[in-house]
$ cat target_10.cif   # mmCIF, C-alpha atoms
data_model
#
loop_
_atom_site.group_PDB
_atom_site.id
_atom_site.type_symbol
_atom_site.label_atom_id
_atom_site.label_comp_id
_atom_site.auth_asym_id
_atom_site.auth_seq_id
_atom_site.Cartn_x
_atom_site.Cartn_y
_atom_site.Cartn_z
ATOM 1 C CA MET A 1 160.883 113.472 98.399
ATOM 2 C CA ARG A 2 157.704 111.503 98.922
ATOM 3 C CA ILE A 3 156.655 110.185 102.315
ATOM 4 C CA VAL A 4 154.125 107.710 103.634
ATOM 5 C CA LEU A 5 152.265 108.646 106.791
ATOM 6 C CA THR A 6 150.194 105.994 108.550
ATOM 7 C CA ILE A 7 147.698 106.490 111.347
ATOM 8 C CA VAL A 8 146.064 103.767 113.445
ATOM 9 C CA GLY A 9 143.878 104.179 116.494
ATOM 10 C CA LYS A 10 140.427 104.535 117.941
ATOM 11 C CA ASP A 11 138.290 106.787 115.757
ATOM 12 C CA ARG A 12 137.500 110.293 116.947
ATOM 13 C CA VAL A 13 136.554 113.620 115.435
ATOM 14 C CA GLY A 14 139.372 115.713 113.959
ATOM 15 C CA ILE A 15 142.118 113.188 113.197
ATOM 16 C CA ILE A 16 142.376 114.047 109.506
ATOM 17 C CA ALA A 17 141.965 117.763 110.187
ATOM 18 C CA LYS A 18 144.785 117.892 112.730
ATOM 19 C CA VAL A 19 147.185 115.867 110.597
ATOM 20 C CA SER A 20 146.343 117.946 107.516
ATOM 21 C CA CYS A 21 146.976 121.161 109.456
ATOM 22 C CA LEU A 22 150.368 119.879 110.631
ATOM 23 C CA LEU A 23 151.398 119.041 107.081
ATOM 24 C CA ALA A 24 150.065 122.292 105.614
ATOM 25 C CA ALA A 25 151.856 124.363 108.261
ATOM 26 C CA HIS A 26 155.165 122.988 106.987
ATOM 27 C CA GLY A 27 154.488 123.039 103.245
ATOM 28 C CA VAL A 28 153.989 119.289 102.862
ATOM 29 C CA ASN A 29 151.671 118.572 99.919
ATOM 30 C CA ILE A 30 149.160 115.717 100.336
ATOM 31 C CA LEU A 31 149.002 113.590 97.188
ATOM 32 C CA ASN A 32 146.692 110.759 98.228
ATOM 33 C CA ILE A 33 144.707 109.658 101.262
ATOM 34 C CA ASN A 34 143.133 106.268 101.857
ATOM 35 C CA GLN A 35 141.282 105.857 105.132
ATOM 36 C CA ASN A 36 138.696 103.598 106.638
ATOM 37 C CA ILE A 37 136.992 102.951 109.917
ATOM 38 C CA LEU A 38 136.337 99.385 110.994
ATOM 39 C CA GLU A 39 134.414 98.691 114.187
ATOM 40 C CA GLY A 40 135.474 102.029 115.663
ATOM 41 C CA PHE A 41 139.132 101.814 114.661
ATOM 42 C CA PHE A 42 140.590 104.431 112.339
ATOM 43 C CA ASN A 43 143.227 103.456 109.766
ATOM 44 C CA MET A 44 144.763 105.839 107.243
ATOM 45 C CA VAL A 45 147.597 105.786 104.730
ATOM 46 C CA LEU A 46 148.614 109.170 103.348
ATOM 47 C CA ILE A 47 151.176 109.819 100.615
ATOM 48 C CA ALA A 48 152.705 113.297 100.524
ATOM 49 C CA ASP A 49 155.424 115.296 98.803
ATOM 50 C CA MET A 50 157.979 117.098 100.993
ATOM 51 C CA SER A 51 159.932 118.745 98.160
ATOM 52 C CA GLY A 52 158.514 122.196 98.999
ATOM 53 C CA SER A 53 158.614 121.691 102.749
ATOM 54 C CA ASP A 54 160.364 123.857 105.332
ATOM 55 C CA ILE A 55 160.972 120.941 107.727
ATOM 56 C CA SER A 56 163.258 117.902 107.794
ATOM 57 C CA LEU A 57 161.845 114.391 107.718
ATOM 58 C CA LYS A 58 163.162 113.752 111.231
ATOM 59 C CA ASN A 59 161.500 116.875 112.634
ATOM 60 C CA LEU A 60 158.238 116.017 110.878
ATOM 61 C CA LYS A 61 158.395 112.503 112.366
ATOM 62 C CA ASP A 62 158.886 113.983 115.836
ATOM 63 C CA LEU A 63 155.991 116.429 115.451
ATOM 64 C CA ALA A 64 153.709 113.708 114.060
ATOM 65 C CA THR A 65 154.571 111.337 116.909
ATOM 66 C CA GLU A 66 153.784 114.050 119.444
ATOM 67 C CA LEU A 67 150.511 114.925 117.688
ATOM 68 C CA GLY A 68 149.562 111.249 117.748
ATOM 69 C CA ARG A 69 150.128 111.133 121.504
ATOM 70 C CA GLU A 70 147.964 114.234 121.949
ATOM 71 C CA ILE A 71 145.035 112.837 119.962
ATOM 72 C CA GLY A 72 145.384 109.194 121.015
ATOM 73 C CA VAL A 73 146.535 107.541 117.776
ATOM 74 C CA ASP A 74 149.778 106.087 116.440
ATOM 75 C CA ILE A 75 151.227 108.245 113.636
ATOM 76 C CA ARG A 76 154.270 107.063 111.702
ATOM 77 C CA VAL A 77 156.097 108.934 108.964
ATOM 78 C CA GLN A 78 158.528 107.180 106.620
ATOM 79 C CA HIS A 79 160.377 107.946 103.415
ATOM 80 C CA GLU A 80 158.427 106.287 100.599
ATOM 81 C CA GLU A 81 161.381 104.070 99.619
ATOM 82 C CA ILE A 82 161.744 102.737 103.180
ATOM 83 C CA PHE A 83 158.006 102.044 103.425
ATOM 84 C CA THR A 84 158.020 100.238 100.075
ATOM 85 C CA ALA A 85 161.073 98.144 100.978
ATOM 86 C CA MET A 86 159.530 97.112 104.292
ATOM 87 C CA HIS A 87 156.304 95.953 102.620
ATOM 88 C CA GLN A 88 157.667 93.920 99.709
ATOM 89 C CA ILE A 89 157.239 90.188 99.688
#
$ encode --input "target_10.cif" --output "structure tokens"
Amino acid sequence: MRIVLTIVGKDRVGIIAKVSCLLAAHGVNILNINQNILEGFFNMVLIADMSGSDISLKNLKDLATELGREIGVDIRVQHEEIFTAMHQI
């Protein structure tokens, strides 16, 4: 199963590192990352594969939400099909 993880918030050191560590700790493979910083605001879209993961999507969402609170950004995790459906015109 592929997921889409989005992060939005004020830029600070370590955002990508902390999110990458969370994913790696649970066997989630990062496939693609697109990130930018605009006037001090960090925005990232990450696509990952959970097929070899040891965690459920719900538990990963909960951990990512908590990590976002800790580092001051909004982190959302969605199944790729849900993300795609929500962003079609």
$ closest_residue --input "target_10.cif" --among "A:Leu57, A:Ile15, A:Leu67, A:Leu46" --to "His79 (chain A)" --atoms "all atoms listed in the file"
A:Leu57
$ atom_distance --input "target_10.cif" --atom1 "CA of Ile33 (chain A)" --atom2 "CA of Met1 (chain A)"
16.9 Å
$ residues_around --input "target_10.cif" --residues "Lys58 (chain A)" --least-positions-apart "3" --cutoff "12 Å" --atoms "only C-alpha atoms" --output "list in words"
Ile3, Met50, Ile55, Lys61, Asp62, Leu63, Ala64, Thr65, Arg76, Val77, Gln78 and His79 of chain A
$ closest_residue --input "target_10.cif" --among "A:Leu23, A:Ile16, A:Ile71, A:Val4" --to "Gln35 (chain A)" --atoms "only C-alpha atoms"
A:Ile16
$ closest_residue --input "target_10.cif" --among "A:Leu38, A:Val13, A:Val28, A:Val19" --to "Asp74 (chain A)" --atoms "all atoms listed in the file"
A:Val19
$ resolve_selection --input "target_10.cif" --expression "the PyMOL selection byres ((chain A and resi 12) around 9)" --output "VMD selection string"
chain A and resid 9 to 11 13 to 15 40 to 42 71 to 72
$ residues_around --input "target_10.cif" --residues "Asn34 (chain A)" --least-positions-apart "6" --cutoff "10 Å" --atoms "only C-alpha atoms" --output "ChimeraX atom specification"
/A:6,43-47
$ write_last_selection --input "target_10.cif" --atoms "C-alpha atoms" --output "short mmCIF file (atom, residue, chain, number, x, y, z; two decimals), in the coordinates of the input"
data_model
loop_
_atom_site.label_atom_id
_atom_site.label_comp_id
_atom_site.auth_asym_id
_atom_site.auth_seq_id
_atom_site.Cartn_x
_atom_site.Cartn_y
_atom_site.Cartn_z
CA THR A 6 150.19 105.99 108.55
CA ASN A 43 143.23 103.46 109.77
CA MET A 44 144.76 105.84 107.24
CA VAL A 45 147.60 105.79 104.73
CA LEU A 46 148.61 109.17 103.35
CA ILE A 47 151.18 109.82 100.62
#
$ closest_residue --input "target_10.cif" --among "A:Val8, A:Asn29, A:Ile37, A:Leu60" --to "Ile75 (chain A)" --atoms "all atoms listed in the file"
A:Val8
$ atom_distance --input "target_10.cif" --atom1 "CA of Gly27 (chain A)" --atom2 "CA of Gly52 (chain A)"
5.9 Å
$ axis_aligned_box --input "target_10.cif" --around "region 34-37 of chain A" --padding-each-side "5 Å" --output "lines of an AutoDock Vina configuration file"
center_x = 140.1
center_y = 104.6
center_z = 105.9
size_x = 16.1
size_y = 13.3
size_z = 18.1
$ atom_distance --input "target_10.cif" --atom1 "CA of Arg69 (chain A)" --atom2 "CA of Leu31 (chain A)"
24.5 Å
